[in-house]
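Before any comments, here is the structure.
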Number of protein chains: 2
Amino acid sequence: MPTIAVDAMGGDQGPDAVVKGVAQVSLETDIESLLVGDEARIQAVLEGVPYNPEHIAILACRDAIGMAETPREAVKRRDTSLVVGVRAVADGRAAAMVSAGNTGACVLACAQHFRLVPGVRRAALASVYPRQTEYAGQDPLALLLDVGATVRCEASELVQFALMGNAYARRISKVPSPRIGLLNMGTEDGKGGDVLAEAHRRLRDLPGIHFVGNLEGNDLVRGKADVIVCEGLLGNVALKLLEGVSEVLADVTRSAADSRFAWRLGIRLLAGGIERLQALTDYRQYGGAPILGFRELFLKCHGRSTASAVANAVKVAAKAVRDRVPDEVADAVATVR
Amino acid sequence: MPTIAVDAMGGDQGPDAVVKGVAQVSLETDIESLLVGDEARIQAVLEGVPYNPEHIAILACRDAIGMAETPREAVKRRDTSLVVGVRAVADGRAAAMVSAGNTGACVLACAQHFRLVPGVRRAALASVYPRQTEYAGQDPLALLLDVGATVRCEASELVQFALMGNAYARRISKVPSPRIGLLNMGTEDGKGGDVLAEAHRRLRDLPGIHFVGNLEGNDLVRGKADVIVCEGLLGNVALKLLEGVSEVLADVTRSAADSRFAWRLGIRLLAGGIERLQALTDYRQYGGAPILGFRELFLKCHGRSTASAVANAVKVAAKAVRDRVPDEVADAVATVR
């Protein structure tokens with residue numbers, strides 16, 4: 001069973017959700033977790049929950065990176081739970097890293113301590129998000145990349161993102177032939193300027209992937225593609241816009257519930273429907289999303305992750321290790337060099 | 001009273017919604033509407049509704065551009081309702097144009113027949129969309145530009161979009177000092193690569209506008225800014241993503257209403273809350289959004305516009321003419337040349 005390093009200090013709720021998630025994993029699986037962080041605080045959380053001590057070790061360090069810190073400065077400190085954990089993976093002490101911490105710092109720590117897969121030009125931060133499905137059995141989650149490791153991209157980089165996302169989705173979502181889309185401002189082949197037109201042409205001509213063409217913003221929430229590729233600026237704005245809509249929905253539902261008896265009753269009756277609405281935009285219930293392109297694996301969880309979201313991410317990381325996702329990425333990229 | 005040319009044939013519902021909207025305007029205001037399109041079909045709709053014939057004229061033409069036509073080819077045909085209407089404005093026969101037709105064709109027709117305001121580098125297609133307000137009395141609509149007239153932009157173009165949006169919002173939304181935001185992938189000043197960092201610097205140092213800094217995707221649905229500036233690729237994806245979420249909400253609500261009695265009852269009780277949810281993302285109830293940067297005015301309505309959305313757009317166009325919005329844009333742009 002692989003050892004998964006887990007940043008115990010990352011996330012909006014500090015060690016609480018993370019350590020509880022790892023405790024849960026220790027009871028349900030044989031995965032070895034290496035909790036990285038403040039030993040006393042980790043122990044304090046572990047004392048309050050059931051867990052299997054045979055599957056949990058602690059790698060103690062004293063520092064931690066705050067969610068609002070400037071990433072570039074923060075990753076210079078070498079005794080933070082994030083940097084210590086990433087280095088443990090780079091040194092082979094663990095097979096993958098999971099963190100719910102500062103996203104920018106996670107990406108930078110990987111860039112500094114991990115090695116790019118040979119041939120990969122740039123790593124991508126992916127995000128897993130829920131969307132409506134179009135056929136029975138389709139995975140309710142889609143993979144969007146890049147959502148912020150890059151700003152602008154060349155066509156060749158977008159093509160590599162497609163190959164990396166394809167490899168990940170095949171292994172993790174168990175979709176034998178994931179549908180790949182290119183996020184654009186129109187569905188016609190030549191849309192979006194030179195870079196997107198060239199990326200479209202190259203993806204269309206690439207054997208071994210199921211390219212479904214350009215997707216527009218409204219297609220993101222539909223099941224038209226399982227992997228959607230774009231530059232980081234575009235992916236980041238799209239992802240955060242989905243989060244913003246989710247927050248507004250939650251606000252409106254909450255204020256309706258507070259304000260009127262009829263609404264309260266309505267909400268109770270509508271509970272199933274409201275849950276379906278919120279599931280489409282609620283990131284808290286989903287596990288991690290990978291940083292792809294490195295030989296080493298990193299799963300980034302949302303800052304608001306609950307214990308079960310962290311547990312899910314640790315399991316996904318272990319599965320990605322067992323299924324040799326980085327090798328799959330390397331093989332895919334090698335075919336188009 | 002200004003004459004407003006209206007593309008009678010544009011929009012998903014053909015002449016029906018458009019002509020009914022104009023009929024409504026003819027009864028409520030002194031605005032002169034010039035309906036451009038197939039005379040027999042326009043007359044057929046007018047016969048079914050009350051209207052004031054003193055305020056409606058028809059400019060007959062035989063051709064029309066379909067919603068799914070390729071814009072570049074379509075605008076070559078000179079007898080279409082769109083091109084005839086735009087030329088009527090360029091020739092001074094009408095003061096502004098309103099269309100719910102093919103968006104790409106609208107932008108191209110303006111580029112071919114209108115003249116850029118001196119000093120303006122590129123025109124921008126704006127979109128008006130609903131968002132949560134942050135204080136009492138704040139306009140529930142925000143202006144996002146560009147949403148598709150451009151793909152990539154230089155910093156100087158983004159600065160001009162801010163000035164144009166500012167001028168429009170001051171006149172139309174009656175916000176004396178609209179808050180201007182730059183859509184980006186982080187709130188820090190230097191985020192988003194060279195172009196966005198430079199645009200940020202220039203907007204921050206610009207006197208006479210209320211620049212609130214970088215906004216992220218989730219801020220789009222909040223009241224943080226009244227005018228949000230971005231390149232066309234980014235704005236187009238963001239806008240269509242909002243539309244996609246709206247469609248999914250409508251689907252889920254509808255399927256809930258169909259499927260279970262408890263849900264049906266819940267929806268009836270929740271009607272006010274559901275309406276508030278949908279109002280946040282429903283474009284059909286809002287009027288037009290301007291194409292800014294030309295000496296002539298063009299208001300683009302959503303393809304799914306209802307009669308009252310069209311009526312609203314005609315009134316906004318008349319107001320923009322009376323308030324001399326293009327002159328305001330010209331003055332604003334001249335100050336930073």
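The chains in the structure tokens are called A, B, ... from first to last as shown; in each chain the residues are counted from 1, and the ligands are counted from 1 in the order shown.
Neighbouring residues of A:Pro326 at 10 Å or closer, counting only C-alpha atoms and skipping chain neighbours under 4 positions away, are Leu116, Val117, Met164, Ala167, Tyr168, Leu292, Gly293, Phe294, Arg295, Glu296, Leu297, Ala320, Val321, Ala330, Asp331 and Ala332 of chain A.
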Could the residues in this selection be saved with N, CA and C atoms as a PDB file, in the first residue's frame?
```pdb
ATOM      1  N   LEU A 116       9.365  17.809 -13.658  1.00  0.00           N
ATOM      2  CA  LEU A 116       8.405  17.664 -14.760  1.00  0.00           C
ATOM      3  C   LEU A 116       8.613  16.323 -15.443  1.00  0.00           C
ATOM      4  N   VAL A 117       7.542  15.706 -15.883  1.00  0.00           N
ATOM      5  CA  VAL A 117       7.622  14.525 -16.738  1.00  0.00           C
ATOM      6  C   VAL A 117       8.408  14.927 -17.995  1.00  0.00           C
ATOM      7  N   MET A 164      -2.772  14.963 -20.730  1.00  0.00           N
ATOM      8  CA  MET A 164      -2.636  14.691 -19.297  1.00  0.00           C
ATOM      9  C   MET A 164      -4.006  14.452 -18.668  1.00  0.00           C
ATOM     10  N   ALA A 167      -5.351  11.045 -19.677  1.00  0.00           N
ATOM     11  CA  ALA A 167      -4.730   9.945 -18.933  1.00  0.00           C
ATOM     12  C   ALA A 167      -5.311   9.851 -17.523  1.00  0.00           C
ATOM     13  N   TYR A 168      -5.465  11.000 -16.865  1.00  0.00           N
ATOM     14  CA  TYR A 168      -5.997  11.010 -15.496  1.00  0.00           C
ATOM     15  C   TYR A 168      -7.445  10.515 -15.464  1.00  0.00           C
ATOM     16  N   LEU A 292      -1.042  18.138 -12.544  1.00  0.00           N
ATOM     17  CA  LEU A 292      -0.572  17.152 -13.520  1.00  0.00           C
ATOM     18  C   LEU A 292       0.638  17.666 -14.288  1.00  0.00           C
ATOM     19  N   GLY A 293       1.541  16.759 -14.621  1.00  0.00           N
ATOM     20  CA  GLY A 293       2.711  17.117 -15.413  1.00  0.00           C
ATOM     21  C   GLY A 293       4.010  16.817 -14.682  1.00  0.00           C
ATOM     22  N   PHE A 294       3.922  16.537 -13.378  1.00  0.00           N
ATOM     23  CA  PHE A 294       5.110  16.168 -12.606  1.00  0.00           C
ATOM     24  C   PHE A 294       5.198  14.650 -12.491  1.00  0.00           C
ATOM     25  N   ARG A 295       6.436  14.155 -12.277  1.00  0.00           N
ATOM     26  CA  ARG A 295       6.592  12.720 -12.030  1.00  0.00           C
ATOM     27  C   ARG A 295       5.947  12.333 -10.708  1.00  0.00           C
ATOM     28  N   GLU A 296       5.905  13.317  -9.785  1.00  0.00           N
ATOM     29  CA  GLU A 296       5.302  13.071  -8.480  1.00  0.00           C
ATOM     30  C   GLU A 296       3.844  13.527  -8.508  1.00  0.00           C
ATOM     31  N   LEU A 297       3.046  12.939  -7.641  1.00  0.00           N
ATOM     32  CA  LEU A 297       1.614  13.245  -7.630  1.00  0.00           C
ATOM     33  C   LEU A 297       1.259  14.220  -6.522  1.00  0.00           C
ATOM     34  N   ALA A 320      -4.359   6.754  -7.717  1.00  0.00           N
ATOM     35  CA  ALA A 320      -3.546   7.313  -8.802  1.00  0.00           C
ATOM     36  C   ALA A 320      -2.124   6.761  -8.750  1.00  0.00           C
ATOM     37  N   VAL A 321      -1.615   6.544  -7.531  1.00  0.00           N
ATOM     38  CA  VAL A 321      -0.282   5.950  -7.388  1.00  0.00           C
ATOM     39  C   VAL A 321      -0.299   4.507  -7.887  1.00  0.00           C
ATOM     40  N   ALA A 330       3.296  10.387 -18.940  1.00  0.00           N
ATOM     41  CA  ALA A 330       4.568  10.395 -19.678  1.00  0.00           C
ATOM     42  C   ALA A 330       4.414   9.672 -21.016  1.00  0.00           C
ATOM     43  N   ASP A 331       3.751   8.533 -20.998  1.00  0.00           N
ATOM     44  CA  ASP A 331       3.558   7.780 -22.242  1.00  0.00           C
ATOM     45  C   ASP A 331       2.743   8.589 -23.248  1.00  0.00           C
ATOM     46  N   ALA A 332       1.671   9.245 -22.749  1.00  0.00           N
ATOM     47  CA  ALA A 332       0.795   9.997 -23.648  1.00  0.00           C
ATOM     48  C   ALA A 332       1.551  11.168 -24.274  1.00  0.00           C
TER      49      ALA A 332
END
```
What are the coordinates of chain A as a short mmCIF file (atom, residue, chain, number, x, y, z; two decimals) with C-alpha atoms, in the first residue's frame following a least-squares fit to chain B on all in-order C-alpha atoms?
```
data_model
loop_
_atom_site.label_atom_id
_atom_site.label_comp_id
_atom_site.auth_asym_id
_atom_site.auth_seq_id
_atom_site.Cartn_x
_atom_site.Cartn_y
_atom_site.Cartn_z
CA MET A 1 -37.99 62.26 -29.80
CA PRO A 2 -35.31 60.12 -31.42
CA THR A 3 -36.07 57.51 -34.05
CA ILE A 4 -34.88 54.03 -33.12
CA ALA A 5 -34.37 51.43 -35.87
CA VAL A 6 -35.43 47.97 -34.73
CA ASP A 7 -34.44 44.73 -36.46
CA ALA A 8 -37.92 43.17 -36.76
CA MET A 9 -36.57 39.81 -37.99
CA GLY A 10 -33.86 39.17 -35.36
CA GLY A 11 -34.23 36.87 -32.36
CA ASP A 12 -35.28 33.32 -31.68
CA GLN A 13 -38.98 34.11 -32.08
CA GLY A 14 -38.70 36.10 -35.33
CA PRO A 15 -40.91 39.19 -35.71
CA ASP A 16 -43.41 38.20 -33.04
CA ALA A 17 -41.67 39.31 -29.81
CA VAL A 18 -39.90 42.24 -31.48
CA VAL A 19 -42.96 43.77 -33.13
CA LYS A 20 -45.07 43.30 -30.01
CA GLY A 21 -42.35 45.02 -27.99
CA VAL A 22 -42.32 47.97 -30.38
CA ALA A 23 -46.13 48.16 -30.30
CA GLN A 24 -45.91 48.40 -26.51
CA VAL A 25 -43.35 51.23 -26.75
CA SER A 26 -45.60 53.11 -29.20
CA LEU A 27 -48.36 53.24 -26.60
CA GLU A 28 -46.18 54.10 -23.61
CA THR A 29 -43.78 56.71 -25.01
CA ASP A 30 -43.25 59.23 -27.82
CA ILE A 31 -40.29 57.26 -29.23
CA GLU A 32 -40.45 56.84 -33.01
CA SER A 33 -39.66 53.22 -33.97
CA LEU A 34 -38.53 52.23 -37.45
CA LEU A 35 -39.28 48.52 -37.84
CA VAL A 36 -36.89 47.01 -40.39
CA GLY A 37 -37.91 43.77 -42.12
CA ASP A 38 -40.55 41.88 -44.04
CA GLU A 39 -43.48 44.29 -44.29
CA ALA A 40 -46.21 41.66 -44.57
CA ARG A 41 -44.99 39.74 -41.54
CA ILE A 42 -44.60 42.93 -39.50
CA GLN A 43 -48.13 44.05 -40.43
CA ALA A 44 -49.51 40.63 -39.55
CA VAL A 45 -48.14 40.91 -35.99
CA LEU A 46 -49.25 44.54 -35.63
CA GLU A 47 -52.82 43.60 -36.60
CA GLY A 48 -53.10 41.39 -33.56
CA VAL A 49 -52.05 43.93 -30.91
CA PRO A 50 -52.91 47.50 -29.88
CA TYR A 51 -50.35 50.09 -31.00
CA ASN A 52 -50.05 53.77 -31.91
CA PRO A 53 -49.45 54.05 -35.69
CA GLU A 54 -48.13 57.60 -35.32
CA HIS A 55 -45.02 56.24 -33.60
CA ILE A 56 -44.22 53.30 -35.86
CA ALA A 57 -42.85 53.32 -39.41
CA ILE A 58 -41.70 50.33 -41.46
CA LEU A 59 -38.51 50.12 -43.52
CA ALA A 60 -39.16 47.15 -45.78
CA CYS A 61 -36.51 44.67 -46.86
CA ARG A 62 -36.79 41.08 -47.99
CA ASP A 63 -33.86 39.24 -46.46
CA ALA A 64 -32.98 38.32 -42.87
CA ILE A 65 -29.97 36.76 -41.13
CA GLY A 66 -30.60 33.47 -39.33
CA MET A 67 -29.44 33.00 -35.75
CA ALA A 68 -27.12 30.14 -36.73
CA GLU A 69 -25.62 31.69 -39.87
CA THR A 70 -21.89 32.34 -40.11
CA PRO A 71 -21.63 36.08 -39.39
CA ARG A 72 -18.86 36.85 -41.86
CA GLU A 73 -20.83 35.48 -44.80
CA ALA A 74 -24.22 36.70 -43.62
CA VAL A 75 -23.34 40.40 -43.37
CA LYS A 76 -22.30 40.45 -47.03
CA ARG A 77 -25.98 40.30 -48.03
CA ARG A 78 -27.07 43.95 -48.20
CA ASP A 79 -30.85 43.55 -48.06
CA THR A 80 -31.06 41.90 -44.64
CA SER A 81 -33.01 43.62 -41.86
CA LEU A 82 -29.82 43.94 -39.80
CA VAL A 83 -27.66 45.53 -42.50
CA VAL A 84 -30.47 47.78 -43.80
CA GLY A 85 -31.15 48.97 -40.25
CA VAL A 86 -27.49 49.61 -39.43
CA ARG A 87 -27.10 51.57 -42.65
CA ALA A 88 -30.21 53.61 -41.81
CA VAL A 89 -28.48 54.62 -38.58
CA ALA A 90 -25.16 55.32 -40.33
CA ASP A 91 -27.04 57.52 -42.84
CA GLY A 92 -28.74 59.48 -40.05
CA ARG A 93 -32.21 58.17 -40.81
CA ALA A 94 -32.40 56.71 -37.29
CA ALA A 95 -30.44 57.58 -34.15
CA ALA A 96 -29.76 54.07 -32.84
CA MET A 97 -30.36 50.43 -33.71
CA VAL A 98 -31.83 47.61 -31.60
CA SER A 99 -31.54 43.94 -32.58
CA ALA A 100 -32.09 40.56 -30.91
CA GLY A 101 -30.46 38.82 -33.88
CA ASN A 102 -27.22 36.93 -34.57
CA THR A 103 -24.66 38.49 -32.20
CA GLY A 104 -21.61 38.01 -34.40
CA ALA A 105 -23.43 39.52 -37.38
CA CYS A 106 -24.50 42.54 -35.26
CA VAL A 107 -20.91 43.24 -34.24
CA LEU A 108 -19.62 42.84 -37.79
CA ALA A 109 -22.36 45.00 -39.32
CA CYS A 110 -21.46 47.79 -36.88
CA ALA A 111 -17.77 47.42 -37.69
CA GLN A 112 -18.53 47.70 -41.40
CA HIS A 113 -21.02 50.57 -41.38
CA PHE A 114 -20.45 52.58 -38.21
CA ARG A 115 -17.45 54.83 -37.47
CA LEU A 116 -15.25 54.35 -34.40
CA VAL A 117 -15.20 57.26 -31.96
CA PRO A 118 -11.91 59.11 -32.67
CA GLY A 119 -9.16 57.64 -30.52
CA VAL A 120 -11.01 54.40 -29.76
CA ARG A 121 -8.89 51.43 -30.81
CA ARG A 122 -11.57 48.75 -30.78
CA ALA A 123 -15.27 48.54 -30.09
CA ALA A 124 -16.57 46.31 -27.29
CA LEU A 125 -19.73 44.30 -26.94
CA ALA A 126 -21.05 44.80 -23.43
CA SER A 127 -23.48 42.63 -21.58
CA VAL A 128 -25.84 43.60 -18.81
CA TYR A 129 -26.38 40.85 -16.28
CA PRO A 130 -28.04 40.58 -12.89
CA ARG A 131 -26.00 40.10 -9.73
CA GLN A 132 -26.50 40.31 -5.99
CA THR A 133 -26.42 43.85 -4.71
CA GLU A 134 -24.20 44.90 -1.82
CA TYR A 135 -26.04 47.99 -0.61
CA ALA A 136 -29.60 49.32 -0.79
CA GLY A 137 -30.23 51.22 -3.99
CA GLN A 138 -27.39 49.60 -5.94
CA ASP A 139 -28.38 48.76 -9.51
CA PRO A 140 -29.13 45.02 -9.67
CA LEU A 141 -27.52 44.92 -13.11
CA ALA A 142 -23.80 45.01 -13.81
CA LEU A 143 -22.07 45.73 -17.11
CA LEU A 144 -19.48 43.23 -18.37
CA LEU A 145 -17.34 44.11 -21.38
CA ASP A 146 -16.02 42.89 -23.74
CA VAL A 147 -18.02 39.68 -24.21
CA GLY A 148 -17.04 38.82 -27.74
CA ALA A 149 -16.22 41.71 -30.10
CA THR A 150 -12.53 41.02 -29.41
CA VAL A 151 -10.56 37.88 -28.52
CA ARG A 152 -7.33 39.14 -26.91
CA CYS A 153 -6.74 42.73 -25.83
CA GLU A 154 -3.87 45.06 -25.08
CA ALA A 155 -3.78 46.97 -21.79
CA SER A 156 -4.68 50.22 -23.56
CA GLU A 157 -7.79 48.57 -25.00
CA LEU A 158 -8.89 47.32 -21.58
CA VAL A 159 -8.43 50.85 -20.22
CA GLN A 160 -10.65 52.20 -23.01
CA PHE A 161 -13.28 49.57 -22.24
CA ALA A 162 -13.28 50.81 -18.64
CA LEU A 163 -13.78 54.40 -19.80
CA MET A 164 -16.56 53.44 -22.20
CA GLY A 165 -18.34 51.27 -19.64
CA ASN A 166 -18.00 54.01 -17.04
CA ALA A 167 -19.59 56.57 -19.37
CA TYR A 168 -22.46 54.22 -20.24
CA ALA A 169 -23.14 53.17 -16.65
CA ARG A 170 -23.15 56.79 -15.45
CA ARG A 171 -25.79 57.69 -18.00
CA ILE A 172 -27.91 54.56 -18.10
CA SER A 173 -27.64 53.09 -14.62
CA LYS A 174 -27.56 56.54 -13.02
CA VAL A 175 -24.65 55.54 -10.82
CA PRO A 176 -22.73 58.81 -10.40
CA SER A 177 -19.44 57.02 -9.85
CA PRO A 178 -19.63 53.42 -11.06
CA ARG A 179 -17.20 50.99 -9.47
CA ILE A 180 -14.88 49.58 -12.13
CA GLY A 181 -13.22 46.16 -11.76
CA LEU A 182 -10.69 44.25 -13.86
CA LEU A 183 -11.51 40.54 -14.26
CA ASN A 184 -8.46 38.54 -13.28
CA MET A 185 -7.25 35.29 -11.69
CA GLY A 186 -6.32 36.85 -8.36
CA THR A 187 -6.84 40.06 -6.43
CA GLU A 188 -3.16 41.03 -6.08
CA ASP A 189 -2.07 43.97 -8.26
CA GLY A 190 0.46 42.11 -10.41
CA LYS A 191 -1.72 39.07 -11.25
CA GLY A 192 -2.65 37.73 -14.67
CA GLY A 193 0.47 38.34 -16.72
CA ASP A 194 1.95 41.49 -18.27
CA VAL A 195 -1.17 42.79 -20.02
CA LEU A 196 -3.44 42.58 -16.98
CA ALA A 197 -0.74 43.90 -14.65
CA GLU A 198 -0.26 46.92 -16.92
CA ALA A 199 -4.02 47.46 -17.28
CA HIS A 200 -4.32 47.33 -13.50
CA ARG A 201 -1.56 49.91 -13.05
CA ARG A 202 -3.04 52.27 -15.61
CA LEU A 203 -6.58 51.98 -14.27
CA ARG A 204 -5.38 52.56 -10.71
CA ASP A 205 -3.61 55.76 -11.76
CA LEU A 206 -6.45 57.09 -13.91
CA PRO A 207 -8.23 60.12 -12.45
CA GLY A 208 -12.01 60.34 -12.69
CA ILE A 209 -12.86 56.67 -12.44
CA HIS A 210 -13.57 54.64 -9.34
CA PHE A 211 -11.31 51.62 -9.86
CA VAL A 212 -11.84 48.89 -7.26
CA GLY A 213 -9.02 46.63 -8.48
CA ASN A 214 -8.91 43.06 -9.71
CA LEU A 215 -12.01 40.92 -9.43
CA GLU A 216 -12.08 37.13 -9.49
CA GLY A 217 -14.72 34.94 -11.10
CA ASN A 218 -16.78 34.61 -7.90
CA ASP A 219 -16.93 38.41 -7.56
CA LEU A 220 -18.84 38.65 -10.86
CA VAL A 221 -22.09 37.59 -9.20
CA ARG A 222 -21.61 39.97 -6.27
CA GLY A 223 -22.07 43.72 -6.20
CA LYS A 224 -18.36 44.52 -5.92
CA ALA A 225 -18.23 46.41 -9.21
CA ASP A 226 -20.76 48.00 -11.54
CA VAL A 227 -18.58 47.70 -14.64
CA ILE A 228 -16.26 44.73 -15.16
CA VAL A 229 -13.64 44.86 -17.87
CA CYS A 230 -11.96 41.94 -19.67
CA GLU A 231 -10.90 40.67 -23.07
CA GLY A 232 -13.59 39.12 -25.27
CA LEU A 233 -12.54 35.49 -24.86
CA LEU A 234 -12.76 35.70 -21.07
CA GLY A 235 -15.98 37.74 -21.01
CA ASN A 236 -17.68 35.46 -23.50
CA VAL A 237 -16.88 32.30 -21.54
CA ALA A 238 -17.96 33.91 -18.25
CA LEU A 239 -21.25 35.19 -19.68
CA LYS A 240 -22.16 31.91 -21.33
CA LEU A 241 -21.23 29.99 -18.19
CA LEU A 242 -23.75 32.13 -16.27
CA GLU A 243 -26.32 31.32 -18.94
CA GLY A 244 -25.51 27.63 -18.68
CA VAL A 245 -26.02 27.64 -14.91
CA SER A 246 -29.35 29.40 -15.45
CA GLU A 247 -30.46 26.70 -17.88
CA VAL A 248 -29.48 23.91 -15.50
CA LEU A 249 -31.39 25.61 -12.67
CA ALA A 250 -34.46 25.87 -14.87
CA ASP A 251 -34.14 22.18 -15.86
CA VAL A 252 -33.80 21.02 -12.28
CA THR A 253 -36.72 23.13 -11.09
CA ARG A 254 -38.87 21.89 -13.96
CA SER A 255 -38.03 18.24 -13.44
CA ALA A 256 -38.68 18.61 -9.71
CA ALA A 257 -42.05 20.19 -10.47
CA ASP A 258 -42.96 17.37 -12.82
CA SER A 259 -41.93 14.49 -10.69
CA ARG A 260 -43.31 14.64 -7.19
CA PHE A 261 -46.31 16.09 -5.48
CA ALA A 262 -44.28 17.21 -2.45
CA TRP A 263 -41.89 19.03 -4.72
CA ARG A 264 -44.73 20.65 -6.62
CA LEU A 265 -46.18 21.90 -3.38
CA GLY A 266 -42.72 22.97 -2.22
CA ILE A 267 -42.13 24.90 -5.39
CA ARG A 268 -45.42 26.72 -5.02
CA LEU A 269 -44.53 27.68 -1.47
CA LEU A 270 -41.04 28.60 -2.52
CA ALA A 271 -42.12 30.59 -5.55
CA GLY A 272 -40.63 33.84 -4.30
CA GLY A 273 -37.29 32.24 -3.51
CA ILE A 274 -37.09 30.38 -6.80
CA GLU A 275 -37.86 33.58 -8.67
CA ARG A 276 -35.02 35.33 -6.88
CA LEU A 277 -32.67 32.51 -7.83
CA GLN A 278 -33.73 32.60 -11.43
CA ALA A 279 -33.69 36.39 -11.64
CA LEU A 280 -29.99 36.24 -10.85
CA THR A 281 -29.29 34.27 -13.99
CA ASP A 282 -32.24 34.84 -16.33
CA TYR A 283 -31.29 37.00 -19.26
CA ARG A 284 -34.70 37.03 -20.90
CA GLN A 285 -36.15 39.63 -18.62
CA TYR A 286 -33.43 42.21 -19.27
CA GLY A 287 -33.21 44.62 -22.18
CA GLY A 288 -30.30 45.25 -24.45
CA ALA A 289 -26.61 45.66 -23.93
CA PRO A 290 -24.63 48.22 -25.91
CA ILE A 291 -21.92 47.86 -28.48
CA LEU A 292 -19.64 50.67 -27.35
CA GLY A 293 -16.92 52.58 -29.18
CA PHE A 294 -18.84 53.69 -32.28
CA ARG A 295 -20.26 57.16 -32.89
CA GLU A 296 -23.53 55.38 -33.61
CA LEU A 297 -25.45 53.45 -30.98
CA PHE A 298 -26.37 49.78 -31.13
CA LEU A 299 -28.29 47.87 -28.46
CA LYS A 300 -28.06 44.11 -28.68
CA CYS A 301 -30.87 42.11 -27.05
CA HIS A 302 -30.61 38.46 -26.11
CA GLY A 303 -31.95 36.12 -28.80
CA ARG A 304 -34.58 34.86 -26.37
CA SER A 305 -35.85 38.35 -25.59
CA THR A 306 -39.53 38.68 -24.83
CA ALA A 307 -41.67 41.59 -26.07
CA SER A 308 -41.07 43.50 -22.85
CA ALA A 309 -37.29 42.92 -23.03
CA VAL A 310 -37.35 44.41 -26.56
CA ALA A 311 -39.51 47.31 -25.35
CA ASN A 312 -37.05 47.93 -22.55
CA ALA A 313 -34.12 47.93 -25.00
CA VAL A 314 -35.84 50.45 -27.30
CA LYS A 315 -36.40 52.75 -24.32
CA VAL A 316 -32.78 52.37 -23.19
CA ALA A 317 -31.60 53.15 -26.73
CA ALA A 318 -33.71 56.32 -26.80
CA LYS A 319 -32.36 57.34 -23.42
CA ALA A 320 -28.77 56.71 -24.54
CA VAL A 321 -29.39 58.91 -27.59
CA ARG A 322 -30.93 61.71 -25.54
CA ASP A 323 -28.12 61.50 -22.99
CA ARG A 324 -25.51 61.61 -25.79
CA VAL A 325 -23.66 58.48 -24.66
CA PRO A 326 -21.31 58.40 -27.71
CA ASP A 327 -20.21 61.98 -26.96
CA GLU A 328 -19.58 60.99 -23.37
CA VAL A 329 -17.48 58.03 -24.55
CA ALA A 330 -15.54 60.31 -26.90
CA ASP A 331 -14.85 62.83 -24.14
CA ALA A 332 -13.70 60.10 -21.74
CA VAL A 333 -11.36 58.49 -24.27
CA ALA A 334 -9.95 61.88 -25.29
CA THR A 335 -8.81 62.59 -21.73
CA VAL A 336 -6.33 59.68 -21.68
CA ARG A 337 -4.90 59.88 -25.17
#
```
Residues flagged helix (DSSP H, G or I) by DSSP in stretch 122-215 of chain A, as a PyMOL selection string: chain A and resi 155-172+193-205
Filtered DSSP result for stretch 71-103 of chain A, state strand (DSSP E), as JSON, numbers by chain: {"A": [96, 97, 98, 99]}
